[in-house]
$ cat query-v8.txt   # compact mmCIF, N, CA and C atoms and all ligand atoms
# COMPACT_ATOMS: atom_id res chain seq x y z
N MET M 1 5.72 13.70 22.36
CA MET M 1 5.82 15.13 22.05
C MET M 1 6.38 15.29 20.64
N LEU M 2 5.62 16.00 19.83
CA LEU M 2 6.06 16.22 18.45
C LEU M 2 7.22 17.23 18.44
N GLU M 3 8.30 16.87 17.82
CA GLU M 3 9.44 17.79 17.71
C GLU M 3 9.98 17.74 16.28
N THR M 4 10.59 18.84 15.88
CA THR M 4 11.16 18.90 14.54
C THR M 4 12.62 18.47 14.62
N ARG M 5 12.95 17.45 13.84
CA ARG M 5 14.31 16.93 13.85
C ARG M 5 14.81 16.84 12.41
N GLU M 6 16.12 16.88 12.27
CA GLU M 6 16.72 16.63 10.96
C GLU M 6 17.48 15.32 11.00
N GLY M 7 17.67 14.77 9.83
CA GLY M 7 18.41 13.52 9.74
C GLY M 7 18.80 13.26 8.31
N GLY M 8 19.39 12.11 8.08
CA GLY M 8 19.78 11.79 6.72
C GLY M 8 20.51 10.47 6.63
N CYS M 9 21.01 10.22 5.43
CA CYS M 9 21.73 8.99 5.17
C CYS M 9 23.15 9.08 5.73
N HIS M 10 23.99 8.12 5.46
CA HIS M 10 25.33 8.11 6.04
C HIS M 10 26.28 9.07 5.35
N CYS M 11 26.20 9.15 4.02
CA CYS M 11 27.16 9.99 3.29
C CYS M 11 26.74 11.46 3.24
N GLY M 12 25.49 11.76 3.58
CA GLY M 12 25.02 13.14 3.64
C GLY M 12 24.34 13.65 2.38
N ARG M 13 24.26 12.81 1.35
CA ARG M 13 23.58 13.26 0.13
C ARG M 13 22.08 13.40 0.33
N VAL M 14 21.51 12.56 1.21
CA VAL M 14 20.08 12.61 1.50
C VAL M 14 19.89 13.24 2.88
N ARG M 15 19.15 14.35 2.91
CA ARG M 15 18.87 15.04 4.17
C ARG M 15 17.38 15.36 4.25
N PHE M 16 16.82 15.23 5.44
CA PHE M 16 15.40 15.54 5.62
C PHE M 16 15.18 16.28 6.93
N ARG M 17 14.02 16.92 7.01
CA ARG M 17 13.53 17.53 8.26
C ARG M 17 12.12 17.00 8.47
N ALA M 18 11.81 16.58 9.69
CA ALA M 18 10.50 15.97 9.93
C ALA M 18 10.00 16.24 11.33
N GLY M 19 8.70 16.29 11.45
CA GLY M 19 8.06 16.35 12.77
C GLY M 19 7.87 14.93 13.26
N VAL M 20 8.54 14.58 14.35
CA VAL M 20 8.48 13.20 14.85
C VAL M 20 8.18 13.20 16.35
N ASP M 21 7.64 12.10 16.81
CA ASP M 21 7.36 11.91 18.23
C ASP M 21 8.08 10.65 18.69
N LEU M 22 9.19 10.83 19.39
CA LEU M 22 10.02 9.68 19.79
C LEU M 22 9.32 8.78 20.82
N GLU M 23 8.23 9.30 21.40
CA GLU M 23 7.46 8.45 22.32
C GLU M 23 6.55 7.48 21.55
N ARG M 24 6.45 7.68 20.24
CA ARG M 24 5.63 6.79 19.41
C ARG M 24 6.51 5.95 18.50
N LEU M 25 7.64 5.58 19.02
CA LEU M 25 8.59 4.77 18.25
C LEU M 25 8.04 3.35 18.07
N SER M 26 8.18 2.85 16.86
CA SER M 26 7.62 1.54 16.56
C SER M 26 8.66 0.64 15.89
N HIS M 27 8.41 -0.63 15.94
CA HIS M 27 9.20 -1.57 15.16
C HIS M 27 8.27 -2.53 14.46
N CYS M 28 8.78 -3.28 13.52
CA CYS M 28 7.94 -4.07 12.63
C CYS M 28 8.63 -5.40 12.33
N SER M 29 7.81 -6.44 12.20
CA SER M 29 8.35 -7.79 12.02
C SER M 29 8.40 -8.23 10.56
N CYS M 30 8.14 -7.33 9.61
CA CYS M 30 8.10 -7.75 8.21
C CYS M 30 9.51 -8.10 7.72
N SER M 31 9.55 -8.70 6.54
CA SER M 31 10.82 -9.25 6.05
C SER M 31 11.88 -8.16 5.87
N ILE M 32 11.49 -6.98 5.40
CA ILE M 32 12.52 -5.97 5.12
C ILE M 32 12.88 -5.18 6.38
N CYS M 33 11.90 -4.88 7.23
CA CYS M 33 12.22 -4.17 8.48
C CYS M 33 13.13 -5.01 9.36
N THR M 34 12.91 -6.32 9.36
CA THR M 34 13.75 -7.21 10.15
C THR M 34 15.20 -7.14 9.68
N LYS M 35 15.38 -7.17 8.37
CA LYS M 35 16.74 -7.15 7.84
C LYS M 35 17.41 -5.79 8.02
N LYS M 36 16.61 -4.71 7.87
CA LYS M 36 17.16 -3.35 8.04
C LYS M 36 17.48 -3.04 9.49
N GLY M 37 16.69 -3.62 10.42
CA GLY M 37 16.80 -3.23 11.82
C GLY M 37 16.28 -1.83 12.06
N ILE M 38 15.34 -1.41 11.22
CA ILE M 38 14.84 -0.04 11.26
C ILE M 38 13.91 0.17 12.47
N LEU M 39 14.01 1.35 13.08
CA LEU M 39 13.06 1.79 14.11
C LEU M 39 12.26 2.94 13.52
N LEU M 40 10.93 2.83 13.61
CA LEU M 40 10.04 3.60 12.77
C LEU M 40 9.38 4.77 13.50
N LEU M 41 9.35 5.91 12.82
CA LEU M 41 8.62 7.08 13.31
C LEU M 41 7.74 7.57 12.18
N SER M 42 6.43 7.47 12.37
CA SER M 42 5.50 7.89 11.34
C SER M 42 5.32 9.41 11.39
N THR M 43 5.28 10.03 10.22
CA THR M 43 5.08 11.48 10.17
C THR M 43 4.13 11.83 9.03
N ASP M 44 3.38 12.93 9.23
CA ASP M 44 2.52 13.43 8.16
C ASP M 44 3.38 13.89 6.99
N LEU M 45 2.84 13.71 5.79
CA LEU M 45 3.55 14.22 4.61
C LEU M 45 3.81 15.72 4.76
N ALA M 46 2.85 16.44 5.35
CA ALA M 46 2.99 17.89 5.52
C ALA M 46 4.11 18.25 6.51
N ASP M 47 4.48 17.29 7.35
CA ASP M 47 5.53 17.53 8.35
C ASP M 47 6.88 16.98 7.91
N PHE M 48 6.97 16.58 6.66
CA PHE M 48 8.21 15.99 6.16
C PHE M 48 8.75 16.81 5.00
N GLU M 49 10.01 17.14 5.06
CA GLU M 49 10.63 17.89 3.97
C GLU M 49 11.97 17.24 3.58
N LEU M 50 12.09 16.93 2.31
CA LEU M 50 13.37 16.45 1.79
C LEU M 50 14.24 17.68 1.52
N LEU M 51 15.31 17.83 2.28
CA LEU M 51 16.17 19.02 2.14
C LEU M 51 17.11 18.87 0.96
N ARG M 52 17.62 17.67 0.76
CA ARG M 52 18.38 17.38 -0.45
C ARG M 52 18.45 15.87 -0.66
N GLY M 53 18.82 15.48 -1.88
CA GLY M 53 18.99 14.06 -2.16
C GLY M 53 18.10 13.52 -3.27
N ARG M 54 17.41 14.43 -3.96
CA ARG M 54 16.49 13.98 -5.00
C ARG M 54 17.18 13.05 -6.00
N SER M 55 18.40 13.41 -6.41
CA SER M 55 19.07 12.58 -7.43
C SER M 55 19.74 11.35 -6.84
N ALA M 56 19.99 11.36 -5.53
CA ALA M 56 20.66 10.21 -4.90
C ALA M 56 19.67 9.12 -4.50
N LEU M 57 18.41 9.49 -4.31
CA LEU M 57 17.42 8.53 -3.82
C LEU M 57 17.00 7.54 -4.89
N LYS M 58 16.95 6.28 -4.49
CA LYS M 58 16.36 5.23 -5.32
C LYS M 58 15.30 4.56 -4.46
N ALA M 59 14.33 3.93 -5.13
CA ALA M 59 13.29 3.22 -4.38
C ALA M 59 13.29 1.75 -4.75
N TYR M 60 13.32 0.92 -3.73
CA TYR M 60 13.19 -0.52 -3.90
C TYR M 60 11.75 -0.90 -3.58
N THR M 61 11.14 -1.70 -4.44
CA THR M 61 9.77 -2.15 -4.18
C THR M 61 9.70 -3.66 -4.34
N PHE M 62 8.74 -4.26 -3.70
CA PHE M 62 8.51 -5.70 -3.84
C PHE M 62 7.04 -5.97 -3.49
N GLY M 63 6.60 -7.18 -3.72
CA GLY M 63 5.22 -7.55 -3.38
C GLY M 63 4.22 -6.66 -4.10
N THR M 64 3.35 -5.98 -3.35
CA THR M 64 2.31 -5.14 -3.96
C THR M 64 2.90 -3.91 -4.63
N GLY M 65 4.12 -3.53 -4.27
CA GLY M 65 4.75 -2.35 -4.85
C GLY M 65 4.24 -1.04 -4.28
N VAL M 66 3.36 -1.10 -3.28
CA VAL M 66 2.81 0.13 -2.70
C VAL M 66 3.86 0.86 -1.87
N ALA M 67 4.56 0.11 -1.04
CA ALA M 67 5.61 0.73 -0.22
C ALA M 67 6.78 1.13 -1.11
N GLN M 68 7.38 2.26 -0.78
CA GLN M 68 8.56 2.73 -1.51
C GLN M 68 9.73 2.74 -0.53
N HIS M 69 10.57 1.72 -0.65
CA HIS M 69 11.70 1.59 0.27
C HIS M 69 12.88 2.39 -0.28
N THR M 70 12.85 3.67 0.00
CA THR M 70 13.86 4.57 -0.54
C THR M 70 15.20 4.39 0.17
N PHE M 71 16.24 4.56 -0.60
CA PHE M 71 17.59 4.46 -0.03
C PHE M 71 18.53 5.35 -0.82
N CYS M 72 19.64 5.72 -0.21
CA CYS M 72 20.65 6.52 -0.89
C CYS M 72 21.47 5.61 -1.81
N SER M 73 21.52 5.96 -3.07
CA SER M 73 22.21 5.09 -4.04
C SER M 73 23.73 5.14 -3.86
N HIS M 74 24.21 6.09 -3.08
CA HIS M 74 25.66 6.16 -2.84
C HIS M 74 26.06 5.35 -1.61
N CYS M 75 25.41 5.58 -0.48
CA CYS M 75 25.81 4.90 0.77
C CYS M 75 24.88 3.76 1.17
N GLY M 76 23.71 3.66 0.51
CA GLY M 76 22.83 2.53 0.76
C GLY M 76 21.90 2.69 1.95
N MET M 77 21.99 3.82 2.65
CA MET M 77 21.21 3.97 3.88
C MET M 77 19.74 4.26 3.60
N HIS M 78 18.87 3.62 4.37
CA HIS M 78 17.41 3.84 4.29
C HIS M 78 17.03 4.86 5.38
N ALA M 79 17.05 6.13 5.04
CA ALA M 79 16.80 7.17 6.06
C ALA M 79 15.31 7.37 6.31
N PHE M 80 14.49 7.09 5.30
CA PHE M 80 13.03 7.18 5.44
C PHE M 80 12.43 6.34 4.33
N TYR M 81 11.14 6.08 4.43
CA TYR M 81 10.47 5.36 3.35
C TYR M 81 8.97 5.60 3.43
N ILE M 82 8.26 5.13 2.41
CA ILE M 82 6.80 5.26 2.40
C ILE M 82 6.23 3.87 2.65
N PRO M 83 5.50 3.71 3.75
CA PRO M 83 5.04 2.36 4.12
C PRO M 83 3.77 1.94 3.39
N ARG M 84 3.62 0.64 3.22
CA ARG M 84 2.40 0.09 2.60
C ARG M 84 1.18 0.33 3.48
N SER M 85 1.36 0.29 4.80
CA SER M 85 0.22 0.41 5.71
C SER M 85 -0.37 1.82 5.71
N GLN M 86 0.47 2.82 5.46
CA GLN M 86 0.02 4.22 5.42
C GLN M 86 0.73 4.92 4.28
N PRO M 87 0.35 4.58 3.03
CA PRO M 87 1.11 5.06 1.87
C PRO M 87 0.95 6.55 1.58
N HIS M 88 0.13 7.23 2.37
CA HIS M 88 -0.04 8.69 2.24
C HIS M 88 0.84 9.41 3.25
N ARG M 89 1.58 8.64 4.07
CA ARG M 89 2.44 9.23 5.09
C ARG M 89 3.89 8.83 4.85
N VAL M 90 4.77 9.31 5.70
CA VAL M 90 6.20 9.01 5.57
C VAL M 90 6.66 8.36 6.87
N THR M 91 7.53 7.38 6.77
CA THR M 91 8.13 6.79 7.96
C THR M 91 9.61 7.12 7.97
N VAL M 92 10.03 7.74 9.07
CA VAL M 92 11.43 8.10 9.24
C VAL M 92 12.14 6.98 9.99
N ASN M 93 13.37 6.71 9.61
CA ASN M 93 14.21 5.76 10.34
C ASN M 93 14.83 6.50 11.53
N ALA M 94 14.35 6.22 12.73
CA ALA M 94 14.80 6.95 13.92
C ALA M 94 16.32 6.89 14.07
N ARG M 95 16.93 5.81 13.60
CA ARG M 95 18.39 5.66 13.70
C ARG M 95 19.14 6.66 12.82
N CYS M 96 18.43 7.27 11.88
CA CYS M 96 19.06 8.23 10.97
C CYS M 96 18.83 9.68 11.38
N LEU M 97 18.22 9.91 12.54
CA LEU M 97 18.09 11.28 13.04
C LEU M 97 19.46 11.75 13.53
N ASP M 98 19.73 13.04 13.37
CA ASP M 98 21.00 13.59 13.83
C ASP M 98 21.13 13.44 15.34
N ASP M 99 22.33 13.15 15.79
CA ASP M 99 22.67 13.11 17.21
C ASP M 99 21.76 12.18 18.02
N ILE M 100 21.30 11.12 17.38
CA ILE M 100 20.42 10.20 18.12
C ILE M 100 21.29 9.24 18.94
N ASP M 101 20.85 8.99 20.15
CA ASP M 101 21.51 7.99 21.00
C ASP M 101 20.77 6.67 20.77
N ALA M 102 21.31 5.87 19.85
CA ALA M 102 20.59 4.66 19.41
C ALA M 102 20.26 3.73 20.58
N ALA M 103 21.15 3.69 21.58
CA ALA M 103 20.92 2.77 22.70
C ALA M 103 19.71 3.19 23.54
N SER M 104 19.34 4.47 23.44
CA SER M 104 18.20 4.95 24.24
C SER M 104 16.87 4.75 23.54
N LEU M 105 16.90 4.33 22.28
CA LEU M 105 15.66 4.17 21.51
C LEU M 105 14.91 2.92 21.97
N LYS M 106 13.72 3.14 22.53
CA LYS M 106 12.92 2.02 23.03
C LYS M 106 11.53 2.07 22.39
N PRO M 107 11.27 1.16 21.44
CA PRO M 107 9.96 1.17 20.79
C PRO M 107 8.83 0.92 21.78
N THR M 108 7.74 1.66 21.62
CA THR M 108 6.55 1.47 22.45
C THR M 108 5.41 0.86 21.63
N ARG M 109 5.64 0.72 20.33
CA ARG M 109 4.62 0.18 19.44
C ARG M 109 5.21 -0.91 18.59
N PHE M 110 4.34 -1.73 18.06
CA PHE M 110 4.78 -2.86 17.25
C PHE M 110 3.77 -3.10 16.13
N PHE M 111 4.28 -3.27 14.92
CA PHE M 111 3.42 -3.63 13.78
C PHE M 111 3.87 -5.01 13.31
N ASP M 112 2.96 -5.96 13.35
CA ASP M 112 3.32 -7.34 13.02
C ASP M 112 3.27 -7.54 11.51
N GLY M 113 4.20 -6.88 10.84
CA GLY M 113 4.21 -6.89 9.38
C GLY M 113 4.43 -8.26 8.75
N ARG M 114 4.89 -9.19 9.53
CA ARG M 114 5.05 -10.56 9.03
C ARG M 114 3.68 -11.16 8.71
N HIS M 115 2.66 -10.68 9.45
CA HIS M 115 1.27 -11.07 9.20
C HIS M 115 0.51 -9.80 8.84
N TRP M 116 0.87 -9.27 7.66
CA TRP M 116 0.51 -7.91 7.31
C TRP M 116 -0.98 -7.64 7.31
N GLU M 117 -1.79 -8.50 6.69
CA GLU M 117 -3.24 -8.24 6.57
C GLU M 117 -3.87 -8.13 7.95
N ASP M 118 -3.54 -9.05 8.85
CA ASP M 118 -4.07 -9.02 10.21
C ASP M 118 -3.59 -7.76 10.95
N ALA M 119 -2.31 -7.47 10.80
CA ALA M 119 -1.74 -6.32 11.51
C ALA M 119 -2.39 -5.02 11.02
N GLN M 120 -2.63 -4.93 9.74
CA GLN M 120 -3.25 -3.72 9.18
C GLN M 120 -4.69 -3.59 9.67
N SER M 121 -5.46 -4.68 9.66
CA SER M 121 -6.84 -4.65 10.16
C SER M 121 -6.87 -4.20 11.61
N ARG M 122 -5.94 -4.73 12.40
CA ARG M 122 -5.88 -4.40 13.83
C ARG M 122 -5.53 -2.92 14.01
N ARG M 123 -4.55 -2.45 13.20
CA ARG M 123 -4.13 -1.06 13.33
C ARG M 123 -5.28 -0.11 12.99
N ILE M 124 -6.02 -0.43 11.94
CA ILE M 124 -7.14 0.43 11.53
C ILE M 124 -8.24 0.40 12.59
N ALA M 125 -8.52 -0.80 13.15
CA ALA M 125 -9.55 -0.92 14.19
C ALA M 125 -9.16 -0.10 15.42
N GLU M 126 -7.88 -0.11 15.77
CA GLU M 126 -7.42 0.58 16.98
C GLU M 126 -7.34 2.08 16.80
N THR M 127 -6.95 2.53 15.60
CA THR M 127 -6.70 3.97 15.41
C THR M 127 -7.81 4.65 14.62
N GLY M 128 -8.62 3.87 13.91
CA GLY M 128 -9.63 4.45 13.04
C GLY M 128 -9.03 5.15 11.83
N GLN M 129 -7.75 4.88 11.57
CA GLN M 129 -7.06 5.57 10.48
C GLN M 129 -6.74 4.62 9.33
N ALA M 130 -7.68 4.55 8.39
CA ALA M 130 -7.43 3.78 7.18
C ALA M 130 -6.81 4.71 6.15
N PRO M 131 -5.93 4.20 5.29
CA PRO M 131 -5.38 5.05 4.24
C PRO M 131 -6.50 5.55 3.33
N PRO M 132 -6.42 6.78 2.84
CA PRO M 132 -7.45 7.27 1.92
C PRO M 132 -7.48 6.44 0.65
N PRO M 133 -8.65 6.33 0.03
CA PRO M 133 -8.75 5.55 -1.21
C PRO M 133 -7.76 6.07 -2.26
N GLY M 134 -7.12 5.16 -2.96
CA GLY M 134 -6.21 5.55 -4.03
C GLY M 134 -4.82 5.93 -3.55
N ALA M 135 -4.59 5.90 -2.24
CA ALA M 135 -3.26 6.24 -1.74
C ALA M 135 -2.25 5.22 -2.24
N HIS M 136 -1.11 5.71 -2.69
CA HIS M 136 -0.04 4.82 -3.17
C HIS M 136 1.30 5.45 -2.83
N GLY M 137 2.20 4.62 -2.37
CA GLY M 137 3.51 5.13 -1.97
C GLY M 137 4.23 5.87 -3.08
N ALA M 138 4.04 5.43 -4.33
CA ALA M 138 4.73 6.08 -5.44
C ALA M 138 4.28 7.53 -5.60
N LYS M 139 2.99 7.79 -5.35
CA LYS M 139 2.46 9.16 -5.44
C LYS M 139 3.04 10.03 -4.33
N THR M 140 3.11 9.46 -3.14
CA THR M 140 3.65 10.20 -1.99
C THR M 140 5.12 10.53 -2.23
N LEU M 141 5.86 9.55 -2.72
CA LEU M 141 7.28 9.77 -3.00
C LEU M 141 7.46 10.85 -4.07
N GLN M 142 6.62 10.78 -5.09
CA GLN M 142 6.67 11.78 -6.16
C GLN M 142 6.47 13.19 -5.59
N ALA M 143 5.50 13.31 -4.66
CA ALA M 143 5.23 14.61 -4.03
C ALA M 143 6.44 15.10 -3.24
N ILE M 144 7.09 14.19 -2.55
CA ILE M 144 8.29 14.55 -1.76
C ILE M 144 9.40 15.02 -2.69
N LEU M 145 9.63 14.27 -3.75
CA LEU M 145 10.72 14.62 -4.68
C LEU M 145 10.42 15.94 -5.40
N ALA M 146 9.13 16.17 -5.69
CA ALA M 146 8.76 17.37 -6.44
C ALA M 146 9.03 18.65 -5.65
N GLN M 147 8.91 18.58 -4.30
CA GLN M 147 9.08 19.79 -3.52
C GLN M 147 10.54 19.98 -3.07
N ALA M 148 11.39 18.99 -3.32
CA ALA M 148 12.79 19.11 -2.91
C ALA M 148 13.54 20.01 -3.89
N SER M 149 14.42 20.86 -3.37
CA SER M 149 15.13 21.79 -4.26
C SER M 149 16.32 21.11 -4.94
N GLU M 150 16.88 20.07 -4.34
CA GLU M 150 18.00 19.37 -4.99
C GLU M 150 17.93 17.88 -4.69
ZN ZN F 201 24.10 8.49 1.33

$ encode --input "query-v8.txt" --output "structure tokens"
Amino acid sequence: MLETREGGCHCGRVRFRAGVDLERLSHCSCSICTKKGILLLSTDLADFELLRGRSALKAYTFGTGVAQHTFCSHCGMHAFYIPRSQPHRVTVNARCLDDIDAASLKPTRFFDGRHWEDAQSRRIAETGQAPPPGAHGAKTLQAILAQASE
């Protein structure tokens, strides 16, 4: 069930509002998701709003540079990011939603990011949702930052 939730980083400089479906919670085996311990909720760009944090956000990139691993430069928390697999969308860190009971979070989906090419092919075959041509995480992030008031 799609619901509108707010969340943010630890210090409060980064705040967002997003349409998320907790029944579609996912986890990923890639190198950075493993280290973060992030639980993933994919949301449409149109359903995501950065309420504040434009100046606090920094983006870490590696490999292809498509994914934008945004984090708060003050507290270090990764509240959301732009994934390589769907660089036209936003992934929210379910653990950063307000009033979330982390112990109740049970992923129902899995992306085998450790074997990214295979996992992406499988995901596209199963969902029929390939990223649009030219999609890049940096463009998506730019759009998010541009619409934020602070
Ligand atoms: Zn912060």

$ closest_residue --input "query-v8.txt" --among "M:Ser55, M:His74, M:Glu23, M:Arg15" --to "ligand ZN 201 (chain F)" --atoms "all atoms listed in the file"
M:His74

$ closest_atom_pairs --input "query-v8.txt" --of "chain M" --to "ligand ZN 201 (chain F)" --cutoff "7 Å" --atoms "only C-alpha atoms and all ligand atoms" --output "JSON lines"
{"residue": "M:Cys9", "atom": "CA", "partner": "F:ZN201", "partner_atom": "ZN", "distance": 4.5}
{"residue": "M:His10", "atom": "CA", "partner": "F:ZN201", "partner_atom": "ZN", "distance": 4.9}
{"residue": "M:Cys11", "atom": "CA", "partner": "F:ZN201", "partner_atom": "ZN", "distance": 3.9}
{"residue": "M:Gly12", "atom": "CA", "partner": "F:ZN201", "partner_atom": "ZN", "distance": 5.3}
{"residue": "M:Arg13", "atom": "CA", "partner": "F:ZN201", "partner_atom": "ZN", "distance": 4.9}
{"residue": "M:Val14", "atom": "CA", "partner": "F:ZN201", "partner_atom": "ZN", "distance": 5.8}
{"residue": "M:Cys72", "atom": "CA", "partner": "F:ZN201", "partner_atom": "ZN", "distance": 4.6}
{"residue": "M:Ser73", "atom": "CA", "partner": "F:ZN201", "partner_atom": "ZN", "distance": 6.6}
{"residue": "M:His74", "atom": "CA", "partner": "F:ZN201", "partner_atom": "ZN", "distance": 5.0}
{"residue": "M:Cys75", "atom": "CA", "partner": "F:ZN201", "partner_atom": "ZN", "distance": 4.0}
{"residue": "M:Gly76", "atom": "CA", "partner": "F:ZN201", "partner_atom": "ZN", "distance": 6.1}
{"residue": "M:Met77", "atom": "CA", "partner": "F:ZN201", "partner_atom": "ZN", "distance": 5.9}

$ write_last_selection --input "query-v8.txt" --atoms "N, CA and C atoms" --output "mmCIF file, in the coordinates of the input"
data_model
loop_
_atom_site.group_PDB
_atom_site.id
_atom_site.type_symbol
_atom_site.label_atom_id
_atom_site.label_comp_id
_atom_site.auth_asym_id
_atom_site.auth_seq_id
_atom_site.Cartn_x
_atom_site.Cartn_y
_atom_site.Cartn_z
ATOM 1 N N CYS M 9 21.010 10.220 5.430
ATOM 2 C CA CYS M 9 21.730 8.990 5.170
ATOM 3 C C CYS M 9 23.150 9.080 5.730
ATOM 4 N N HIS M 10 23.990 8.120 5.460
ATOM 5 C CA HIS M 10 25.330 8.110 6.040
ATOM 6 C C HIS M 10 26.280 9.070 5.350
ATOM 7 N N CYS M 11 26.200 9.150 4.020
ATOM 8 C CA CYS M 11 27.160 9.990 3.290
ATOM 9 C C CYS M 11 26.740 11.460 3.240
ATOM 10 N N GLY M 12 25.490 11.760 3.580
ATOM 11 C CA GLY M 12 25.020 13.140 3.640
ATOM 12 C C GLY M 12 24.340 13.650 2.380
ATOM 13 N N ARG M 13 24.260 12.810 1.350
ATOM 14 C CA ARG M 13 23.580 13.260 0.130
ATOM 15 C C ARG M 13 22.080 13.400 0.330
ATOM 16 N N VAL M 14 21.510 12.560 1.210
ATOM 17 C CA VAL M 14 20.080 12.610 1.500
ATOM 18 C C VAL M 14 19.890 13.240 2.880
ATOM 19 N N CYS M 72 19.640 5.720 -0.210
ATOM 20 C CA CYS M 72 20.650 6.520 -0.890
ATOM 21 C C CYS M 72 21.470 5.610 -1.810
ATOM 22 N N SER M 73 21.520 5.960 -3.070
ATOM 23 C CA SER M 73 22.210 5.090 -4.040
ATOM 24 C C SER M 73 23.730 5.140 -3.860
ATOM 25 N N HIS M 74 24.210 6.090 -3.080
ATOM 26 C CA HIS M 74 25.660 6.160 -2.840
ATOM 27 C C HIS M 74 26.060 5.350 -1.610
ATOM 28 N N CYS M 75 25.410 5.580 -0.480
ATOM 29 C CA CYS M 75 25.810 4.900 0.770
ATOM 30 C C CYS M 75 24.880 3.760 1.170
ATOM 31 N N GLY M 76 23.710 3.660 0.510
ATOM 32 C CA GLY M 76 22.830 2.530 0.760
ATOM 33 C C GLY M 76 21.900 2.690 1.950
ATOM 34 N N MET M 77 21.990 3.820 2.650
ATOM 35 C CA MET M 77 21.210 3.970 3.880
ATOM 36 C C MET M 77 19.740 4.260 3.600
#

$ atom_distance --input "query-v8.txt" --atom1 "atom N of Leu145 (chain M)" --atom2 "CA of Leu105 (chain M)"
27.9 Å

$ atom_distance --input "query-v8.txt" --atom1 "atom N of Arg5 (chain M)" --atom2 "CA of Val66 (chain M)"
26.0 Å

$ atom_distance --input "query-v8.txt" --atom1 "CA of Leu57 (chain M)" --atom2 "atom N of Glu6 (chain M)"
18.2 Å

$ select_by_dssp --input "query-v8.txt" --residues "chain M" --states "strand (DSSP E)" --output "number ranges by chain"
M: 2-8, 15-21, 26-28, 40-43, 48-52, 57-60, 69-72, 80-81, 90-93, 109-111
